[in-house]
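Reviewing the structure listed below.
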Amino acid sequence: MPDYRIMIVDDEFEVREGIAKCVDWSTAGFRIAATAENGQDALEKAEFLELDVVLTDIKMPYMDGLTLGAELLKRYPAIKLIILSGFDEFEYAKEAIRLNVLEYVLKPVNANELLQILLRAKAQLDAEFRAKQDIEALRMRYEQALPLLKDQCLREILAGSVPAEEAKRLMEQYGIHLDVSNSMIVAVFNTSAHIPAGSVITRELLPVSVRGLIETALEGKCSYATFLSFDTVIVVSSWANDPVDNMMMAANEICVECKSLFSVEITAGVGRRCAETSSLRESLFEARSALEYSRVVGGGKAIYIRDVERMSRQPFILDSRYEQRLVAAVKFGSTEQIESEIDEILSQLDGTVPGEWKYRAYVTGVLNALSQIIGRYDLPAEEIMGGEGMLLFQEGGSSELSSLKKWLTAVCLRICGYMSQRRQSMAGTLVEKAKQFILEHFAEGSLSVELVCEHLHISQSYFSSIFKQATGQSFVQYLTDLRMDRALELLRETDSKTYEIAQRVGYDEPNYFSYVFKRKFGESPSQYRNRNGA
């Protein structure tokens with residue numbers, strides 16, 4: 001197990017040092033990450049430390065141990081709290097229970113007692129650590145989620161977003177028994193049909209029932225996988241021979257059985273056979289198209305797309321996985337990544353006849369993907385696209401891949417540049433708004449990072465990241481420096497009392513203001529005024 005990180009909090013230096021020296025921390029399984037002399041100091045330090053345990057006194061100035069515990073529980077709920085207290089009062093103990101304190105121990109405590117406390121804390125942390133690593137429990141959760149994972153896997157494969165080798169690996173991982181070495185075919189069963197009064201089936205149970213009928217009908221005849229999608233059941237099957245005839249026969253049997261069992265008329269659309277998982281997307285599209293012809297040829301049976309429509313394959317539609325990778329490269333990638341994605345996309349056009357409509361249709365798919373980014377982020381389309389690229393689509397325009405690659409690369413790089421500027425500008429604007437909000441409210445003792453993030457409508461983690469990157473300081477450090485700088489001005493230029501200055505710069509507790517001032521400048525406010533006051 002790892003050594004756990006602990007912070008010791010007590011307002012007496014001798015107590016902190018005594019605790020630090022009296023325990024063999026390595027034997028206890030801990031290492032001291034920090035010490036703090038009051039709750040406020042501890043809370044500020046906890047922002048930068050990944051603590052496991054905080055060992056704290058109760059009675060401290062500025063912020064007591066119980067208030068510290070409440071704040072830690074709110075911000076870092078995983079941290080364990082050990083309280084060492086000189087107070088044997090029921091109210092303190094009751095509050096400690098409410099805060100889920102690990103140990104509540106009365107002072108004085110000797111070295112051996114403290115070691116035993118730490119060992120008990122370590123045992124609990126170890127148990128929680130092992131629980132998170134419990135392979136059997138993880139396996140059970142995985143098994144529970146497996147049906148959903150299977151369905152999602154099939155959806156991704158049918159969407160065309162998974163390469164063939166990756167699709168094969170995922171199907172093996174999720175136990176999808178589909179033999180991709182045989183011819184595959186997609187069928188879609190529409191279960192949105194009218195359910196007559198008196199039927200034994202209900203609307204919500206019909207898709208599940210049809211799925212059961214499908215699996216019973218196909219079992220032992222082929223390898224298959226099914227999943228539900230709204231009012232349809234989608235089937236991918238693989239046959240050793242005659243996939244179309246066999247799938248049509250099975251689908252018709254299922255439609256007849258559904259009518260017989262439930263008095264409900266369902267219709268199935270069947271796409272064409274395909275040899276690769278990358279073609280399943282087209283077979284699914286065809287199966288859905290076949291369903292539309294139920295208005296013409298009637299429902300309650302299977303409809304094969306080639307019987308009703310003589311469509312050709314569309315190999316020059318931009319594959320969704322290429323589109324996703326290109327969009328990711330344009331938004332976040334390097335020049336090399338963008339060029340690599342464009343090369344792979346254009347490699348699909350090798351061997352095509354220059355100037356033919358398929359070429360233009362394929363490139364239009366690429367442009368549509370890029371246009372969505374331009375529109376979504378309100379980028380200047382004319383500047384990004386440029387007039388020279390449109391010449392490629394004019395009658396008689398050049399369709400050489402080299403010209404196309406040069407233009408697409410330039411377009412993608414311009415989008416990438418604008419996106420980078422937009423992110424930097426947006427982050428910079430947020431930081432400036434935060435600074436302005438802090439400047440307007442720093443005199444309020446209740447000002448916190450939560451209030452700033454609520455004002456900006458962003459998460460605390462993102463705000464902390466961009467604020468630290470822009471200023472080199474955390475929110476607390478920045479706010480403290482701002483308050484201290486204003487305090488220096490007031491001490492030099494006014495005769496206000498120290499407690500009045502404390503309130504004017506956001507400290508409700510004058511003693512804590514003096515503490516922070518001395519910690520930063522090495523002298524008290526009154527000492528500074530004596531040297532620099534008007």
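Going through the structure tokens in order, the chains are called A, B, and so on, while each chain numbers its residues from 1 and the ligands are numbered from 1 in the order shown.
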Assign secondary structure with DSSP using the backbone only, and return the residues of range 203-345 of chain A in alpha helix (DSSP H) as a tab-separated table (two decimals) with C-alpha atoms, in the first residue's frame.
chain	number	residue	atom	x	y	z
A	206	LEU	CA	-43.26	-5.43	-27.74
A	207	PRO	CA	-39.65	-4.63	-28.78
A	208	VAL	CA	-38.30	-6.94	-26.08
A	209	SER	CA	-40.68	-9.70	-27.17
A	210	VAL	CA	-39.75	-9.31	-30.85
A	211	ARG	CA	-36.08	-9.43	-29.92
A	212	GLY	CA	-36.74	-12.73	-28.14
A	213	LEU	CA	-38.54	-14.13	-31.20
A	214	ILE	CA	-35.64	-13.10	-33.43
A	215	GLU	CA	-33.02	-14.74	-31.24
A	216	THR	CA	-35.07	-17.95	-31.01
A	217	ALA	CA	-35.55	-18.04	-34.79
A	218	LEU	CA	-31.86	-17.48	-35.60
A	243	PRO	CA	-27.49	-14.75	-46.42
A	244	VAL	CA	-30.26	-12.84	-48.19
A	245	ASP	CA	-32.59	-15.83	-48.73
A	246	ASN	CA	-31.98	-17.17	-45.23
A	247	MET	CA	-32.47	-13.81	-43.52
A	248	MET	CA	-35.62	-13.10	-45.56
A	249	MET	CA	-37.07	-16.50	-44.67
A	250	ALA	CA	-36.32	-16.05	-40.96
A	251	ALA	CA	-37.67	-12.47	-40.94
A	252	ASN	CA	-40.93	-13.52	-42.58
A	253	GLU	CA	-41.36	-16.32	-40.03
A	254	ILE	CA	-40.85	-13.82	-37.21
A	255	CYS	CA	-43.43	-11.42	-38.67
A	256	VAL	CA	-45.98	-14.24	-38.98
A	257	GLU	CA	-45.29	-15.48	-35.44
A	258	CYS	CA	-45.68	-11.99	-33.98
A	259	LYS	CA	-49.05	-11.67	-35.72
A	260	SER	CA	-50.12	-15.07	-34.40
A	261	LEU	CA	-48.97	-14.55	-30.81
A	262	PHE	CA	-49.82	-10.89	-30.21
A	280	LEU	CA	-22.52	-2.71	-42.22
A	281	ARG	CA	-23.43	0.95	-42.06
A	282	GLU	CA	-24.65	0.81	-45.66
A	283	SER	CA	-26.58	-2.42	-45.05
A	284	LEU	CA	-28.30	-0.73	-42.08
A	285	PHE	CA	-29.16	2.30	-44.20
A	286	GLU	CA	-30.60	0.02	-46.88
A	287	ALA	CA	-32.62	-1.99	-44.33
A	288	ARG	CA	-34.19	1.21	-43.02
A	289	SER	CA	-34.86	2.38	-46.56
A	290	ALA	CA	-36.58	-0.94	-47.30
A	291	LEU	CA	-38.93	-0.37	-44.36
A	292	GLU	CA	-40.20	2.81	-45.99
A	294	SER	CA	-44.16	-0.86	-46.56
A	295	ARG	CA	-46.45	2.01	-47.62
A	296	VAL	CA	-46.24	0.73	-51.19
A	297	VAL	CA	-45.97	-3.07	-50.93
A	305	ILE	CA	-34.05	-3.51	-50.51
A	306	ARG	CA	-33.05	-4.94	-53.93
A	307	ASP	CA	-36.62	-6.01	-54.55
A	308	VAL	CA	-37.91	-2.46	-54.31
A	320	SER	CA	-17.48	8.77	-39.90
A	321	ARG	CA	-14.32	7.59	-38.19
A	322	TYR	CA	-12.19	9.63	-40.61
A	323	GLU	CA	-14.49	12.59	-40.00
A	324	GLN	CA	-14.16	12.30	-36.22
A	325	ARG	CA	-10.38	12.07	-36.36
A	326	LEU	CA	-10.11	15.01	-38.77
A	327	VAL	CA	-12.32	17.18	-36.56
A	328	ALA	CA	-10.25	16.26	-33.48
A	329	ALA	CA	-7.00	17.06	-35.31
A	330	VAL	CA	-8.32	20.40	-36.54
A	331	LYS	CA	-9.50	21.40	-33.08
A	332	PHE	CA	-6.55	20.21	-30.99
A	335	THR	CA	0.27	20.47	-38.26
A	336	GLU	CA	1.68	16.96	-38.67
A	337	GLN	CA	-1.48	15.36	-37.31
A	338	ILE	CA	-3.69	17.42	-39.62
A	339	GLU	CA	-1.60	16.52	-42.66
A	340	SER	CA	-1.64	12.84	-41.69
A	341	GLU	CA	-5.45	12.77	-41.40
A	342	ILE	CA	-5.90	14.53	-44.75
A	343	ASP	CA	-3.51	12.07	-46.41
A	344	GLU	CA	-5.53	9.13	-45.09
A	345	ILE	CA	-8.85	10.67	-46.14
Within 9 Å of range 123-133 of chain A using only C-alpha atoms, minus same-chain residues under 3 positions, as an MDAnalysis selection string
chainID A and resid 1:2 4 52 80 118:120 136:138
What does the file look like for those residues with C-alpha atoms, as a CSV table (one decimal), in the first residue's frame?
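The file below, part.csv, is the result:
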chain,number,residue,atom,x,y,z
A,1,MET,CA,0.0,0.0,0.0
A,2,PRO,CA,1.2,3.6,-0.6
A,4,TYR,CA,-0.7,8.1,3.0
A,52,ASP,CA,-5.6,11.5,2.9
A,80,LYS,CA,-10.3,11.5,6.8
A,118,LEU,CA,-2.8,6.1,12.9
A,119,LEU,CA,-2.6,2.3,12.4
A,120,ARG,CA,-6.4,2.1,12.7
A,136,GLU,CA,-14.1,-9.6,-8.3
A,137,ALA,CA,-16.4,-6.6,-7.5
A,138,LEU,CA,-15.2,-4.9,-10.7
How many Å lie between CA of Lys221 in chain A and CA of Arg273 in chain A, rounded to one decimal?
16.4 Å
Students should find that CA of Val516 in chain A and CA of Val54 in chain A are spaced 21.7 Å
Considering only C-alpha atoms, state which residue in the set A:Lys406, A:Arg155, A:Arg531, A:Arg5 is at the smallest distance from Leu49 in chain A.
A:Arg5
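Across the model, the gap from CA of Tyr174 in chain A to CA of Ser237 in chain A is 16.4 Å.
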Find the spatial neighbours of Asn110 in chain A, counting only C-alpha atoms, within a cut-off of 10 Å - ignore same-chain residues fewer than 5 positions away - and output them as a ChimeraX atom specification.
/A:19,22-23,115
Best match for closeness to Ile234 in chain A among A:Leu73, A:Ile374, A:Ala268, A:Ala410, counting only C-alpha atoms
A:Ala268
With a cut-off of 12 Å, could you pull out the residues of range 372-455 of chain A touching range 476-482 of chain A and give me the nearest pair of atoms for each, distance in Å to one decimal, using only C-alpha atoms, ordered by chain and ascending number, as JSON lines?
{"residue": "A:Val431", "atom": "CA", "partner": "A:Tyr478", "partner_atom": "CA", "distance": 11.9}
{"residue": "A:Ala434", "atom": "CA", "partner": "A:Leu479", "partner_atom": "CA", "distance": 10.9}
{"residue": "A:Lys435", "atom": "CA", "partner": "A:Tyr478", "partner_atom": "CA", "distance": 9.1}
{"residue": "A:Gln436", "atom": "CA", "partner": "A:Leu479", "partner_atom": "CA", "distance": 11.6}
{"residue": "A:Phe437", "atom": "CA", "partner": "A:Leu479", "partner_atom": "CA", "distance": 11.0}
{"residue": "A:Ile438", "atom": "CA", "partner": "A:Leu479", "partner_atom": "CA", "distance": 7.2}
{"residue": "A:Leu439", "atom": "CA", "partner": "A:Leu482", "partner_atom": "CA", "distance": 8.0}
{"residue": "A:Glu440", "atom": "CA", "partner": "A:Leu482", "partner_atom": "CA", "distance": 11.2}
{"residue": "A:His441", "atom": "CA", "partner": "A:Leu479", "partner_atom": "CA", "distance": 10.0}
{"residue": "A:Phe442", "atom": "CA", "partner": "A:Leu479", "partner_atom": "CA", "distance": 7.0}
{"residue": "A:Ala443", "atom": "CA", "partner": "A:Leu482", "partner_atom": "CA", "distance": 9.9}
{"residue": "A:Glu444", "atom": "CA", "partner": "A:Leu479", "partner_atom": "CA", "distance": 11.1}
{"residue": "A:Gly445", "atom": "CA", "partner": "A:Leu479", "partner_atom": "CA", "distance": 11.0}
{"residue": "A:Leu447", "atom": "CA", "partner": "A:Leu479", "partner_atom": "CA", "distance": 9.2}
{"residue": "A:Ser448", "atom": "CA", "partner": "A:Val476", "partner_atom": "CA", "distance": 8.3}
{"residue": "A:Val449", "atom": "CA", "partner": "A:Val476", "partner_atom": "CA", "distance": 8.0}
{"residue": "A:Glu450", "atom": "CA", "partner": "A:Val476", "partner_atom": "CA", "distance": 11.6}
{"residue": "A:Val452", "atom": "CA", "partner": "A:Leu479", "partner_atom": "CA", "distance": 11.5}
Go ahead and write the selection's residues with C-alpha atoms as a PDB file, in the first residue's frame.
ATOM      1  CA  VAL A 431      -9.561  35.489 -16.104  1.00  0.00           C
ATOM      2  CA  ALA A 434     -12.606  37.044 -12.539  1.00  0.00           C
ATOM      3  CA  LYS A 435     -10.034  39.708 -11.654  1.00  0.00           C
ATOM      4  CA  GLN A 436     -12.635  42.430 -12.049  1.00  0.00           C
ATOM      5  CA  PHE A 437     -15.124  40.525  -9.877  1.00  0.00           C
ATOM      6  CA  ILE A 438     -12.455  39.971  -7.209  1.00  0.00           C
ATOM      7  CA  LEU A 439     -11.503  43.653  -7.321  1.00  0.00           C
ATOM      8  CA  GLU A 440     -15.122  44.671  -6.809  1.00  0.00           C
ATOM      9  CA  HIS A 441     -15.778  42.212  -3.971  1.00  0.00           C
ATOM     10  CA  PHE A 442     -12.439  41.636  -2.213  1.00  0.00           C
ATOM     11  CA  ALA A 443     -13.641  43.650   0.788  1.00  0.00           C
ATOM     12  CA  GLU A 444     -16.395  41.112   1.422  1.00  0.00           C
ATOM     13  CA  GLY A 445     -15.369  38.425   3.871  1.00  0.00           C
ATOM     14  CA  LEU A 447     -15.825  36.137  -1.180  1.00  0.00           C
ATOM     15  CA  SER A 448     -14.778  32.636  -2.284  1.00  0.00           C
ATOM     16  CA  VAL A 449     -13.759  30.705  -5.366  1.00  0.00           C
ATOM     17  CA  GLU A 450     -17.267  29.212  -5.382  1.00  0.00           C
ATOM     18  CA  VAL A 452     -16.405  33.630  -8.536  1.00  0.00           C
TER      19      VAL A 452
END
Considering only C-alpha atoms, return as an mmCIF file with C-alpha atoms, in the first residue's frame whatever protein or nucleic-acid residues lie within 8 Å of Cys222 in chain A, sequence-local ones (same chain, fewer than 5 positions apart) excluded.
data_model
loop_
_atom_site.group_PDB
_atom_site.id
_atom_site.type_symbol
_atom_site.label_atom_id
_atom_site.label_comp_id
_atom_site.auth_asym_id
_atom_site.auth_seq_id
_atom_site.Cartn_x
_atom_site.Cartn_y
_atom_site.Cartn_z
ATOM 1 C CA SER A 237 -26.370 -11.780 -38.800
ATOM 2 C CA SER A 238 -23.621 -13.791 -40.484
ATOM 3 C CA TRP A 239 -24.389 -16.756 -42.734
ATOM 4 C CA ALA A 240 -22.198 -19.425 -44.285
#
Quick one: DSSP strand (DSSP E or B) residues in range 143-379 of chain A, as a ChimeraX atom specification?
/A:183-190,223-229,232-239,267-270,274,302-304
Requested write-out: C-alpha atoms of the selected residues, as an mmCIF file, in the first residue's frame:
data_model
loop_
_atom_site.group_PDB
_atom_site.id
_atom_site.type_symbol
_atom_site.label_atom_id
_atom_site.label_comp_id
_atom_site.auth_asym_id
_atom_site.auth_seq_id
_atom_site.Cartn_x
_atom_site.Cartn_y
_atom_site.Cartn_z
ATOM 1 C CA SER A 183 -21.250 -12.748 -45.385
ATOM 2 C CA MET A 184 -23.097 -10.387 -43.061
ATOM 3 C CA ILE A 185 -26.455 -8.701 -43.446
ATOM 4 C CA VAL A 186 -28.517 -6.197 -41.428
ATOM 5 C CA ALA A 187 -32.256 -6.409 -40.819
ATOM 6 C CA VAL A 188 -34.429 -3.851 -39.013
ATOM 7 C CA PHE A 189 -37.770 -4.838 -37.423
ATOM 8 C CA ASN A 190 -40.202 -1.976 -36.948
ATOM 9 C CA SER A 223 -24.188 -16.170 -35.809
ATOM 10 C CA TYR A 224 -25.976 -12.964 -34.902
ATOM 11 C CA ALA A 225 -26.244 -9.966 -32.588
ATOM 12 C CA THR A 226 -29.272 -7.831 -31.778
ATOM 13 C CA PHE A 227 -30.028 -4.578 -30.016
ATOM 14 C CA LEU A 228 -32.971 -2.287 -29.400
ATOM 15 C CA SER A 229 -33.120 1.196 -30.886
ATOM 16 C CA THR A 232 -36.937 -0.947 -33.798
ATOM 17 C CA VAL A 233 -34.965 -4.121 -33.236
ATOM 18 C CA ILE A 234 -31.750 -4.218 -35.255
ATOM 19 C CA VAL A 235 -30.192 -7.548 -36.206
ATOM 20 C CA VAL A 236 -26.737 -8.201 -37.618
ATOM 21 C CA SER A 237 -26.370 -11.780 -38.800
ATOM 22 C CA SER A 238 -23.621 -13.791 -40.484
ATOM 23 C CA TRP A 239 -24.389 -16.756 -42.734
ATOM 24 C CA THR A 267 -42.468 -5.265 -40.722
ATOM 25 C CA ALA A 268 -38.803 -6.035 -41.369
ATOM 26 C CA GLY A 269 -36.428 -4.276 -43.744
ATOM 27 C CA VAL A 270 -33.416 -6.210 -45.018
ATOM 28 C CA CYS A 274 -21.602 -7.267 -47.021
ATOM 29 C CA ALA A 302 -39.896 -8.799 -44.739
ATOM 30 C CA ILE A 303 -38.893 -6.357 -47.493
ATOM 31 C CA TYR A 304 -35.518 -6.748 -49.239
#
